[in-house]
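S.K.: Take a look at run-v3.txt, compact mmCIF, C-alpha atoms:
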```txt
# COMPACT_ATOMS: atom_id res chain seq x y z
CA MET J 1 87.91 20.62 72.60
CA ASP J 2 86.31 17.78 70.69
CA PHE J 3 89.67 16.39 69.70
CA LYS J 4 90.55 15.93 73.36
CA LYS J 5 87.35 13.94 73.85
CA TYR J 6 88.33 11.56 71.05
CA LEU J 7 91.79 11.12 72.51
CA ASN J 8 90.20 10.20 75.83
CA GLN J 9 87.97 7.68 74.09
CA LEU J 10 91.05 6.13 72.59
CA ASN J 11 92.35 5.51 76.07
CA ILE J 12 90.66 2.20 75.67
CA ARG J 13 92.13 0.54 78.72
CA LYS J 14 90.49 3.07 81.02
CA GLU J 15 87.11 2.83 79.28
CA CYS J 16 87.15 -0.93 79.44
CA LYS J 17 87.94 -0.96 83.15
CA LYS J 18 84.60 0.77 83.70
CA TYR J 19 82.79 -2.31 82.44
CA GLY J 20 84.81 -4.71 84.55
CA LEU J 21 85.33 -6.99 81.59
CA SER J 22 88.52 -8.27 80.03
CA ILE J 23 89.79 -6.15 77.15
CA TRP J 24 88.79 -8.81 74.61
CA ARG J 25 85.15 -8.41 75.59
CA CYS J 26 85.19 -4.63 75.73
CA PRO J 27 83.18 -3.04 72.87
CA GLN J 28 85.62 -0.18 72.17
CA PHE J 29 88.51 -2.58 71.77
CA VAL J 30 86.47 -4.98 69.63
CA PHE J 31 85.47 -2.07 67.42
CA MET J 32 89.10 -1.10 66.97
CA ILE J 33 90.11 -4.66 66.08
CA MET J 34 87.26 -4.91 63.58
CA GLY J 35 88.36 -1.64 62.01
CA VAL J 36 91.85 -3.00 61.53
CA ILE J 37 90.45 -6.26 60.07
CA ILE J 38 88.31 -4.31 57.61
CA ILE J 39 91.23 -2.21 56.41
CA PHE J 40 93.38 -5.27 55.88
CA SER J 41 90.67 -7.27 54.13
CA THR J 42 89.88 -4.33 51.84
CA LEU J 43 93.52 -4.11 50.79
CA PHE J 44 93.77 -7.86 50.52
CA THR J 45 90.62 -8.11 48.38
CA TYR J 46 91.92 -5.38 46.14
CA ALA J 47 95.27 -7.14 45.75
CA ILE J 48 93.72 -10.52 44.99
CA SER J 49 91.02 -9.28 42.66
CA SER J 50 93.35 -7.08 40.67
CA LYS J 51 95.44 -10.19 40.08
CA TYR J 52 92.58 -12.26 38.69
CA ILE J 53 90.14 -9.72 37.30
CA GLU J 54 90.87 -7.46 34.33
CA ASP J 55 87.99 -5.02 34.52
CA PRO J 56 88.77 -2.22 37.05
CA LEU J 57 85.06 -1.52 37.56
CA LEU J 58 84.50 -5.13 38.58
CA ILE J 59 87.44 -4.95 40.98
CA SER J 60 86.04 -1.90 42.72
CA LEU J 61 82.58 -3.52 42.92
CA VAL J 62 84.01 -6.60 44.59
CA VAL J 63 86.03 -4.50 47.05
CA ILE J 64 83.09 -2.27 47.89
CA PHE J 65 80.74 -5.20 48.34
CA LEU J 66 83.11 -7.03 50.69
CA THR J 67 83.89 -3.93 52.72
CA TRP J 68 80.20 -3.14 53.05
CA LEU J 69 79.53 -6.72 54.20
CA LEU J 70 82.29 -6.53 56.78
CA LEU J 71 81.06 -3.16 58.04
CA ILE J 72 77.59 -4.55 58.70
CA LEU J 73 79.06 -7.59 60.40
CA SER J 74 81.28 -5.51 62.67
CA TYR J 75 78.35 -3.26 63.54
CA LEU J 76 76.29 -6.25 64.67
CA VAL J 77 79.19 -7.73 66.60
CA THR J 78 80.01 -4.47 68.36
CA GLN J 79 76.35 -3.94 69.23
CA SER J 80 76.07 -7.26 71.03
CA PHE J 81 79.33 -6.63 72.85
CA GLU J 82 78.00 -3.27 73.93
CA ARG J 83 74.95 -4.90 75.43
CA LEU J 84 77.12 -7.39 77.30
CA ALA J 85 79.31 -4.57 78.59
CA GLU J 86 76.31 -2.55 79.71
CA ALA J 87 74.94 -5.52 81.64
CA SER J 88 78.28 -6.00 83.32
CA ARG J 89 78.53 -2.33 84.21
CA MET J 90 75.07 -2.43 85.77
CA LYS J 91 76.05 -5.43 87.87
CA ILE J 92 79.00 -3.51 89.26
CA GLU J 93 76.88 -0.44 89.88
CA PHE J 94 74.35 -2.62 91.70
CA LEU J 95 76.98 -3.99 94.03
CA THR J 96 78.28 -0.52 94.83
CA ILE J 97 74.90 1.10 95.42
CA MET J 98 73.34 -1.86 97.19
CA SER J 99 76.22 -2.49 99.53
CA HIS J 100 76.21 1.18 100.45
CA GLN J 101 72.44 1.33 100.97
CA ILE J 102 72.44 -1.82 103.06
CA ARG J 103 75.40 -0.78 105.18
CA ALA J 104 74.16 2.69 106.01
CA PRO J 105 71.30 1.58 108.31
CA PHE J 106 73.56 -1.10 109.80
CA ALA J 107 76.17 1.47 110.79
CA ASN J 108 73.42 3.64 112.25
CA MET J 109 72.02 0.81 114.33
CA ARG J 110 75.43 -0.29 115.54
CA TRP J 111 76.40 3.13 116.76
CA VAL J 112 73.09 3.81 118.43
CA THR J 113 73.45 0.54 120.36
CA ASP J 114 77.06 1.47 121.19
CA LEU J 115 75.84 4.74 122.62
CA LEU J 116 72.97 3.15 124.55
CA LEU J 117 75.29 0.54 126.04
CA SER J 118 78.13 2.92 126.92
CA LYS J 119 78.09 3.94 130.55
CA LYS J 120 79.96 7.15 129.81
CA SER J 121 77.14 8.59 127.72
CA GLY J 122 74.66 8.46 130.56
CA ILE J 123 71.87 8.26 128.03
CA THR J 124 70.07 5.50 129.86
CA ASN J 125 69.64 7.95 132.73
CA ASN J 126 67.66 10.26 130.50
CA LYS J 127 64.40 8.57 129.56
CA GLN J 128 63.55 11.01 126.78
CA GLN J 129 66.92 10.66 125.08
CA GLU J 130 66.80 6.90 125.47
CA GLU J 131 63.43 6.75 123.75
CA GLU J 132 64.71 8.99 120.96
CA TYR J 133 67.56 6.62 120.24
CA LEU J 134 65.34 3.55 120.43
CA LEU J 135 63.05 5.16 117.85
CA ILE J 136 66.06 5.67 115.60
CA LEU J 137 66.86 1.96 115.97
CA ARG J 138 63.35 1.04 114.93
CA GLU J 139 63.36 3.43 111.99
CA ASN J 140 66.60 2.03 110.66
CA SER J 141 65.53 -1.58 110.99
CA GLN J 142 62.37 -0.67 109.06
CA ARG J 143 64.47 1.01 106.42
CA LEU J 144 66.56 -2.12 106.07
CA GLU J 145 63.45 -4.29 105.91
CA GLU J 146 61.97 -2.16 103.11
CA LEU J 147 65.18 -2.31 101.14
CA ILE J 148 65.48 -6.07 101.45
CA ASN J 149 61.83 -6.49 100.49
CA LYS J 150 62.43 -4.43 97.35
CA ILE J 151 65.46 -6.53 96.44
CA ILE J 152 63.46 -9.73 96.92
CA THR J 153 60.58 -8.31 94.83
CA VAL J 154 62.98 -7.49 92.03
CA SER J 155 64.40 -11.02 92.15
CA LYS J 156 60.91 -12.48 92.02
CA ILE J 157 60.00 -10.30 89.04
CA GLU J 158 63.12 -11.32 87.18
CA GLN J 159 62.53 -15.00 87.77
CA GLY J 160 58.89 -14.73 86.76
CA LYS J 161 57.80 -15.83 90.23
CA PHE J 162 55.67 -12.77 90.94
CA PRO J 163 52.11 -14.10 90.79
CA LEU J 164 49.08 -11.85 90.67
CA ARG J 165 46.17 -12.39 93.03
CA LYS J 166 43.44 -10.57 91.18
CA GLU J 167 40.18 -9.29 92.61
CA PHE J 168 37.79 -6.40 92.06
CA PHE J 169 38.60 -3.31 94.10
CA THR J 170 38.07 0.45 94.11
CA LEU J 171 41.11 2.46 93.16
CA LYS J 172 39.81 5.55 94.94
CA ASP J 173 39.62 3.73 98.29
CA LEU J 174 43.13 2.39 97.84
CA ILE J 175 44.50 5.86 97.11
CA ASP J 176 42.72 7.27 100.16
CA LYS J 177 44.38 4.60 102.32
CA VAL J 178 47.83 5.36 100.92
CA ILE J 179 47.38 9.10 101.44
CA LEU J 180 46.48 8.40 105.06
CA GLU J 181 49.57 6.19 105.41
CA PHE J 182 51.78 9.02 104.19
CA LYS J 183 50.01 11.79 106.11
CA SER J 184 52.67 12.27 108.80
CA TYR J 185 55.55 12.03 106.32
CA ALA J 186 53.90 14.64 104.10
CA GLU J 187 53.25 16.97 107.03
CA ALA J 188 56.82 16.59 108.26
CA SER J 189 58.05 17.50 104.77
CA ASN J 190 55.66 20.46 104.55
CA VAL J 191 53.94 19.01 101.51
CA LYS J 192 50.22 19.08 100.81
CA ILE J 193 48.49 16.20 98.99
CA ILE J 194 45.36 16.94 96.96
CA PHE J 195 43.28 14.13 95.50
CA GLU J 196 40.72 14.73 92.76
CA CYS J 197 38.44 11.91 91.72
CA PRO J 198 35.17 11.99 89.75
CA GLN J 199 32.18 10.01 90.89
CA GLY J 200 31.08 6.68 89.50
CA LEU J 201 34.40 5.23 88.46
CA PRO J 202 34.28 1.48 87.78
CA LYS J 203 36.24 -1.03 89.83
CA ILE J 204 39.62 -2.37 88.81
CA PHE J 205 40.40 -6.06 88.48
CA GLY J 206 43.92 -6.56 89.77
CA ASP J 207 46.27 -7.43 92.63
CA VAL J 208 45.47 -4.96 95.41
CA SER J 209 48.76 -5.21 97.29
CA GLN J 210 50.80 -4.76 94.12
CA ILE J 211 48.83 -1.75 92.90
CA ARG J 212 49.12 -0.40 96.43
CA GLU J 213 52.90 -0.72 96.16
CA VAL J 214 52.80 1.24 92.89
CA ILE J 215 50.86 4.11 94.45
CA GLU J 216 53.01 4.10 97.59
CA ASN J 217 56.09 4.33 95.41
CA PHE J 218 54.78 7.31 93.46
CA VAL J 219 53.63 9.16 96.58
CA ASP J 220 56.90 8.45 98.40
CA ASN J 221 58.94 9.76 95.48
CA ALA J 222 56.74 12.82 95.09
CA ILE J 223 57.22 13.78 98.74
CA LYS J 224 60.90 12.83 98.78
CA TYR J 225 61.84 15.03 95.84
CA THR J 226 59.72 18.06 96.66
CA LYS J 227 61.76 20.66 98.45
CA ASP J 228 60.26 22.79 101.20
CA LYS J 229 56.70 23.90 100.73
CA GLY J 230 55.12 21.99 97.90
CA GLU J 231 51.98 20.48 96.56
CA ILE J 232 51.19 17.04 95.20
CA LYS J 233 48.12 16.58 93.07
CA ILE J 234 46.61 13.16 92.39
CA LEU J 235 44.03 12.72 89.66
CA LEU J 236 41.88 9.81 88.61
CA SER J 237 39.81 9.69 85.45
CA ILE J 238 38.59 7.53 82.61
CA THR J 239 40.32 7.65 79.29
CA ASN J 240 40.71 5.89 75.97
CA LYS J 241 37.00 5.78 75.15
CA ASP J 242 36.06 4.44 78.58
CA ARG J 243 38.43 1.50 78.28
CA ASP J 244 41.09 2.53 80.82
CA ILE J 245 41.34 4.20 84.19
CA TYR J 246 43.95 6.96 84.22
CA PHE J 247 45.97 7.82 87.33
CA GLU J 248 48.21 10.86 87.50
CA ILE J 249 50.41 12.24 90.27
CA LYS J 250 51.89 15.69 89.78
CA ASP J 251 54.52 17.21 92.04
CA SER J 252 56.23 20.58 92.19
CA GLY J 253 59.58 19.02 93.01
CA VAL J 254 63.08 18.94 91.63
CA GLY J 255 62.19 17.31 88.32
CA ILE J 256 64.25 14.88 86.26
CA PRO J 257 67.01 16.20 83.98
CA LYS J 258 66.56 15.44 80.27
CA GLU J 259 69.65 13.23 79.94
CA ASP J 260 68.45 10.89 82.71
CA GLN J 261 64.86 10.56 81.52
CA LYS J 262 65.32 7.54 79.33
CA TYR J 263 66.89 5.51 82.16
CA ILE J 264 64.35 6.35 84.83
CA PHE J 265 62.57 2.97 84.86
CA GLN J 266 65.78 0.96 84.78
CA LYS J 267 66.88 -1.16 87.71
CA PHE J 268 69.22 0.59 90.18
CA PHE J 269 69.12 3.78 88.17
CA ARG J 270 69.28 6.89 90.29
CA SER J 271 69.54 10.22 88.55
CA LYS J 272 72.49 12.32 89.74
CA SER J 273 70.07 15.10 90.50
CA ALA J 274 68.11 12.72 92.74
CA MET J 275 71.29 11.79 94.60
CA LYS J 276 72.06 15.44 95.12
CA HIS J 277 68.78 15.97 96.93
CA GLN J 278 68.23 12.68 98.69
CA THR J 279 71.07 10.30 99.29
CA GLN J 280 68.92 7.35 100.40
CA GLY J 281 67.09 5.41 97.71
CA SER J 282 67.63 2.12 95.98
CA GLY J 283 66.77 2.90 92.37
CA LEU J 284 64.46 -0.11 92.42
CA GLY J 285 61.07 1.49 93.02
CA LEU J 286 60.25 2.59 89.48
CA PHE J 287 61.50 -0.66 88.00
CA ILE J 288 59.07 -2.52 90.26
CA VAL J 289 56.27 -0.08 89.39
CA LYS J 290 56.74 -0.60 85.65
CA SER J 291 56.77 -4.40 86.01
CA ILE J 292 53.58 -4.40 88.08
CA ILE J 293 51.68 -2.07 85.73
CA GLU J 294 52.76 -4.00 82.66
CA SER J 295 51.76 -7.33 84.17
CA HIS J 296 48.29 -5.78 84.61
CA ASN J 297 48.28 -4.90 80.89
CA GLY J 298 48.56 -1.22 81.69
CA LYS J 299 50.98 1.49 80.66
CA THR J 300 53.07 3.92 82.68
CA GLY J 301 55.10 6.99 81.92
CA PHE J 302 56.01 10.48 83.02
CA LYS J 303 56.61 14.07 82.00
CA SER J 304 59.25 16.11 83.73
CA GLU J 305 61.13 19.39 83.60
CA GLU J 306 64.19 19.91 85.77
CA GLY J 307 63.44 22.41 88.51
CA GLU J 308 59.72 22.48 87.72
CA GLY J 309 58.36 19.14 88.82
CA THR J 310 57.35 15.75 87.54
CA THR J 311 54.07 14.14 86.55
CA PHE J 312 53.93 10.36 86.70
CA TRP J 313 50.93 8.53 85.27
CA PHE J 314 49.65 5.02 84.67
CA THR J 315 46.62 3.48 82.99
CA LEU J 316 44.88 0.23 83.86
CA PRO J 317 42.32 -1.45 81.62
CA ILE J 318 38.75 -1.71 82.81
CA LEU J 319 37.41 -5.21 82.48
CA LYS J 320 34.18 -5.21 80.57
CA ASN J 321 31.79 -7.62 82.16
CA LYS J 322 28.18 -7.88 83.13
CA ILE J 323 28.93 -7.29 86.82
CA LYS J 324 30.31 -3.82 86.00
CA GLU J 325 26.95 -2.10 86.30
CA LYS J 326 26.39 -3.46 89.81
CA ASP J 327 29.89 -2.51 90.95
CA LYS J 328 29.89 1.13 89.89
CA ILE J 329 30.51 3.17 93.00
CA THR J 330 28.38 6.09 93.84
CA ASN J 331 29.60 8.78 96.22
CA MET L 1 88.73 22.92 123.58
CA LYS L 2 89.33 21.53 120.11
CA ASN L 3 86.76 21.96 117.32
CA ILE L 4 85.70 19.14 115.05
CA LEU L 5 83.68 19.78 111.89
CA PHE L 6 81.44 16.84 111.00
CA ILE L 7 80.17 16.93 107.41
CA GLU L 8 77.43 14.29 107.18
CA ASP L 9 73.86 14.45 105.94
CA GLU L 10 72.35 11.61 108.00
CA SER L 11 71.02 13.06 111.23
CA VAL L 12 71.42 9.74 113.09
CA LEU L 13 75.16 9.88 112.56
CA GLN L 14 75.35 13.53 113.56
CA LYS L 15 73.60 12.50 116.79
CA THR L 16 75.59 9.37 117.63
CA VAL L 17 79.08 10.37 116.53
CA GLY L 18 78.50 13.94 117.66
CA SER L 19 77.44 12.70 121.09
CA ALA L 20 80.45 10.42 121.46
CA LEU L 21 82.84 13.22 120.50
CA LYS L 22 81.20 15.77 122.82
CA GLN L 23 81.64 13.33 125.70
CA GLU L 24 85.38 13.38 125.04
CA GLY L 25 85.36 17.11 125.46
CA TYR L 26 85.41 18.23 121.85
CA LYS L 27 83.18 20.87 120.36
CA VAL L 28 81.31 19.47 117.37
CA ILE L 29 80.19 21.65 114.45
CA SER L 30 77.69 20.01 112.07
CA ALA L 31 77.26 20.52 108.36
CA THR L 32 74.71 18.51 106.39
CA ASP L 33 75.83 19.05 102.81
CA GLY L 34 79.08 19.40 100.91
CA GLU L 35 78.74 23.06 100.04
CA SER L 36 77.97 24.35 103.54
CA GLY L 37 80.58 21.94 104.90
CA PHE L 38 83.33 23.56 102.85
CA ASN L 39 82.14 27.08 103.65
CA THR L 40 82.02 26.31 107.37
CA ALA L 41 85.54 24.84 107.25
CA LYS L 42 86.78 27.98 105.58
CA SER L 43 85.14 30.36 108.03
CA ARG L 44 85.62 28.46 111.30
CA LYS L 45 88.90 26.62 110.65
CA PRO L 46 88.26 23.52 112.80
CA ASP L 47 91.07 21.40 114.23
CA LEU L 48 89.82 18.30 112.40
CA ILE L 49 87.26 17.51 109.71
CA LEU L 50 85.19 14.31 109.60
CA LEU L 51 83.90 13.97 106.06
CA ASP L 52 81.32 11.66 104.48
CA ILE L 53 81.46 11.04 100.76
CA ILE L 54 77.84 10.65 99.73
CA LEU L 55 76.49 14.13 100.40
CA PRO L 56 73.88 16.42 98.91
CA LYS L 57 74.97 19.34 96.70
CA ILE L 58 78.65 18.48 96.23
CA ASN L 59 80.13 15.11 97.21
CA GLY L 60 82.94 14.39 99.66
CA PHE L 61 85.65 14.00 97.02
CA GLU L 62 84.96 17.47 95.68
CA VAL L 63 84.89 18.92 99.19
CA LEU L 64 88.25 17.27 99.92
CA LYS L 65 89.74 18.70 96.73
CA LYS L 66 88.50 22.19 97.56
CA LEU L 67 89.78 21.94 101.13
CA LYS L 68 93.27 21.00 99.98
CA GLU L 69 93.31 23.74 97.34
CA THR L 70 92.33 26.51 99.78
CA PRO L 71 95.21 27.94 101.83
CA GLU L 72 93.06 28.49 104.95
CA THR L 73 91.98 24.84 105.08
CA LYS L 74 94.68 22.78 103.41
CA ASP L 75 96.48 21.86 106.62
CA ILE L 76 93.42 20.71 108.56
CA PRO L 77 93.53 16.90 108.94
CA VAL L 78 90.61 15.17 107.22
CA ILE L 79 89.20 11.78 108.21
CA ILE L 80 86.87 10.23 105.64
CA LEU L 81 83.94 8.43 107.24
CA THR L 82 81.88 6.51 104.68
CA ASN L 83 80.35 3.21 103.67
CA LEU L 84 81.94 3.23 100.23
CA GLU L 85 84.52 0.50 100.16
CA ARG L 86 85.89 0.33 96.63
CA ILE L 87 89.68 0.35 96.46
CA SER L 88 89.48 3.05 93.80
CA ASP L 89 87.59 5.31 96.23
CA ILE L 90 90.04 4.68 99.05
CA ASP L 91 93.04 5.39 96.79
CA LYS L 92 91.38 8.50 95.41
CA ALA L 93 90.71 9.91 98.87
CA LEU L 94 94.17 9.17 100.24
CA GLU L 95 95.82 10.59 97.12
CA SER L 96 93.73 13.74 97.46
CA GLY L 97 95.19 14.28 100.91
CA ALA L 98 92.86 12.59 103.38
CA THR L 99 94.61 11.52 106.57
CA THR L 100 92.57 8.38 107.19
CA TYR L 101 89.77 6.50 105.41
CA LEU L 102 87.30 4.81 107.73
CA ILE L 103 84.53 2.50 106.56
CA LYS L 104 81.65 3.08 108.96
CA VAL L 105 80.50 -0.52 109.44
CA ASP L 106 83.98 -1.64 110.40
CA TYR L 107 84.31 0.55 113.48
CA SER L 108 82.55 0.96 116.79
CA LEU L 109 81.99 4.45 118.19
CA GLU L 110 84.86 3.99 120.63
CA GLU L 111 87.25 3.10 117.82
CA ILE L 112 86.20 6.16 115.82
CA VAL L 113 86.90 8.39 118.81
CA LYS L 114 90.34 6.75 119.14
CA LYS L 115 91.10 7.51 115.49
CA VAL L 116 90.04 11.12 115.95
CA LYS L 117 92.29 11.47 118.98
CA LYS L 118 95.19 9.97 117.05
CA ALA L 119 94.71 12.36 114.13
CA LEU L 120 94.66 15.28 116.54
CA GLY L 121 97.94 14.09 118.01
CA GLU L 122 96.49 13.16 121.39
CA GLN L 123 96.28 9.71 122.90
```
Could you show the structure in this file as structure tokens?
M.R.:
Amino acid sequence: MDFKKYLNQLNIRKECKKYGLSIWRCPQFVFMIMGVIIIFSTLFTYAISSKYIEDPLLISLVVIFLTWLLLILSYLVTQSFERLAEASRMKIEFLTIMSHQIRAPFANMRWVTDLLLSKKSGITNNKQQEEEYLLILRENSQRLEELINKIITVSKIEQGKFPLRKEFFTLKDLIDKVILEFKSYAEASNVKIIFECPQGLPKIFGDVSQIREVIENFVDNAIKYTKDKGEIKILLSITNKDRDIYFEIKDSGVGIPKEDQKYIFQKFFRSKSAMKHQTQGSGLGLFIVKSIIESHNGKTGFKSEEGEGTTFWFTLPILKNKIKEKDKITN
Amino acid sequence: MKNILFIEDESVLQKTVGSALKQEGYKVISATDGESGFNTAKSRKPDLILLDIILPKINGFEVLKKLKETPETKDIPVIILTNLERISDIDKALESGATTYLIKVDYSLEEIVKKVKKALGEQ
């Protein structure tokens, strides 16, 4: 079985096509070429040194040293080619996913308008049906707007043009607002949201709209990937010797398979298990979340078990200043 | 009355395309994921199958493969209706036995209905 896998790997042409690069830039091919170069230079070194050096031990030392040097060099070269290839592959994947995600709402809107305009359908005679279709139009244009906003946000982040407008605000109030925003979506998905928050938590100094986007992203994902009747639990607390605020959102959803976990925060990454349950989704949300949290000097991460649910968390530092005492909220 | 099985997870499309086809006098059976789509095809043997590729559970390519491997369903014409536009996807679908490959954004509802009629041998 394993032998077959190696034979497939050797089908270098096919592997390289995946990256969309010419064969000279493809890491597998480069590795093969380097291997051939090493073999030849080892033989060559041996031939040359045995001509000029008498001592066999010295000959072997020279050969070993040169081979070892070449091995390290080829490792470094192949590594950088691999990174290039990976970047190229992600660009291709982006185009495929993005063009699909952008076209889907377009097709929806086009056909709904076709139906509304067609005299044969008689839909305009039925006020209720007409309204239903108009709502679909609105929903899809919103979907498109959200997607485009996410793409623009990602561009801004990458170009470093994502400024923070910092102010003091209460994280609890923000979370309450987001939960309200998602109330109808949660109810429609038969999911209950529970929010636990101790009293007297200090305020956060950060960009309210960006942190709001982070929470919205987490809540949206939690609802999206929880099948049927489920529960989402949000927790706030203080951690790290009173230096950070800790936010946690736990769902009883589909979970993230182990092999996908290390890619979860990458741009455009969508786990195959996610695609199986929910075909819409840009793969940009978590990338944006991580960038926002890190620009606030916080940390984010998750724990997940496939089929059992996922817990996402983030921490934000509490600014120590004299105003803190006055700003402590009391419930 | 001819039966058309529409395997598509987006409810908007089930509504719009389904509506347009019903107006033409066809009976439309809906399936919203690959697995139930294949099972429905096997049990109800429709006259035509409209198949999306990006589907929950099993994707359109796998459904197509299963359909062509099963004696009860292998002769049912299949029209792929998707937004995937890579040449490799188109080739793959046509090689696996799909009758036609339609990219959603390129067609109006009327044109889709025309293609369905053509595949069913009516004009």
S.K.: Kindly compute an axis-aligned box around the listed atoms of stretch 127-144 of chain J, allowing 5 Å on each side, and express its centre and edge lengths in Å to one decimal as JSON.
M.R.:
```
{"center_x": 65.0, "center_y": 4.4, "center_z": 117.8, "size_x": 15.2, "size_y": 23.1, "size_z": 33.5}
```
S.K.: Anything within 10 Å of (89.4, 2.8, 111.0): list those residues as a VMD selection string, counting all atoms listed in the file and sticking to the file's coordinates.
M.R.: chain L and resid 79 to 81 100 to 108 111 to 116
S.K.: Pick from L:Asn3, L:Ser88, L:Asn83, L:Gln14: nearest to chain J, with all atoms listed in the file counted?
M.R.: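 When distances to chain J are compared using all atoms listed in the file, the smallest one comes from L:Asn83.
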S.K.: Name the closest residue to chain L among the candidates J:Val178, J:Leu135, J:Val219, J:Ile292; distances are taken between atoms, counting only C-alpha atoms.
M.R.: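 Result for the nearest residue to chain L: J:Leu135.
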S.K.: Quote the spacing between atom CA of L:Ile4 and atom CA of L:Asp47 in Å to one decimal place.
M.R.: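 For atom CA of L:Ile4 relative to atom CA of L:Asp47, the distance reads 5.9 Å.
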S.K.: Please indicate the distance in Å from atom CA of L:Pro71 to atom CA of L:Ser36, rounded to one decimal place.
M.R.: 17.7 Å
S.K.: Give as a list in words every residue of chain L that touches chain J within 9 Å, counting all atoms listed in the file.
M.R.: Asp9, Glu10, Val12, Leu13, Lys15, Thr16, Val17, Ser19, Ala20, Gln23, Ile54, Leu55, Pro56, Lys57, Ile58, Asn59, Thr82, Asn83, Leu84, Glu85, Arg86, Lys104, Val105, Asp106, Tyr107, Ser108, Leu109 and Glu110 of chain L
S.K.: With distances taken over only C-alpha atoms, which residue among J:Gly309, J:Glu131, J:Lys250, J:Gly283 lies nearest J:Lys227?
M.R.: J:Gly309
S.K.: Which is closer to J:Ser304 than all the others in J:Lys290, J:Lys267, J:Lys262, J:Lys177, using all atoms listed in the file?
M.R.: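 Ranking J:Lys290, J:Lys267, J:Lys262, J:Lys177 by distance to J:Ser304, first place goes to J:Lys262.
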S.K.: Given the choices L:Ile29, L:Leu51, L:Leu64, L:Ala41, which gets closest to L:Glu95 if the distance is worked out from only C-alpha atoms?
M.R.: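 Smallest distance to L:Glu95 is found for L:Leu64.
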S.K.: When you draw a straight line from atom CA of J:Leu286 to atom CA of J:Asp176, how long is it in Å?
M.R.: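 Separation of atom CA of J:Leu286 and atom CA of J:Asp176: 21.1 Å.
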S.K.: I'd like the contact shell of L:Gly97 - 9 Å cut-off, only C-alpha atoms, skipping same-chain residues fewer than 6 positions apart - returned as a ChimeraX atom specification.
M.R.: /L:64-65,68,74,77-78
S.K.: Need to verify the contact set: stretch 235-239 of chain J, 10 Å, only C-alpha atoms, exclusion of same-chain residues closer than 2 positions in sequence. Can you return it as a list of chain:residue names?
M.R.: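 Everything that qualifies: J:Leu171, J:Lys172, J:Ile175, J:Ile194, J:Phe195, J:Glu196, J:Cys197, J:Pro198, J:Gln199, J:Leu201, J:Pro202, J:Lys233, J:Lys241, J:Asp242, J:Arg243, J:Asp244, J:Ile245, J:Tyr246, J:Phe247, J:Glu248, J:Ile249, J:Lys250, J:Trp313, J:Phe314, J:Thr315, J:Leu316, J:Pro317, J:Ile318.
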S.K.: I'd like to know which of J:Leu174, J:Leu164, J:Ser74, J:Lys229 is closest to J:Ile293, using all atoms listed in the file.
M.R.: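 Looking only at the distances to J:Ile293, the closest residue turns out to be J:Leu164.
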S.K.: Taking 3 positions as the minimum chain separation for residues in the same chain, which residues sit within 9 Å of J:Leu147 when counting all atoms listed in the file? Answer as a PDB file with C-alpha atoms, in the frame of the given file.
M.R.:
```pdb
ATOM      1  CA  GLN J 101      72.440   1.330 100.970  1.00  0.00           C
ATOM      2  CA  ILE J 102      72.440  -1.820 103.060  1.00  0.00           C
ATOM      3  CA  GLN J 142      62.370  -0.670 109.060  1.00  0.00           C
ATOM      4  CA  ARG J 143      64.470   1.010 106.420  1.00  0.00           C
ATOM      5  CA  LEU J 144      66.560  -2.120 106.070  1.00  0.00           C
ATOM      6  CA  LYS J 150      62.430  -4.430  97.350  1.00  0.00           C
ATOM      7  CA  ILE J 151      65.460  -6.530  96.440  1.00  0.00           C
ATOM      8  CA  ILE J 152      63.460  -9.730  96.920  1.00  0.00           C
ATOM      9  CA  GLY J 281      67.090   5.410  97.710  1.00  0.00           C
ATOM     10  CA  SER J 282      67.630   2.120  95.980  1.00  0.00           C
TER      11      SER J 282
END
```
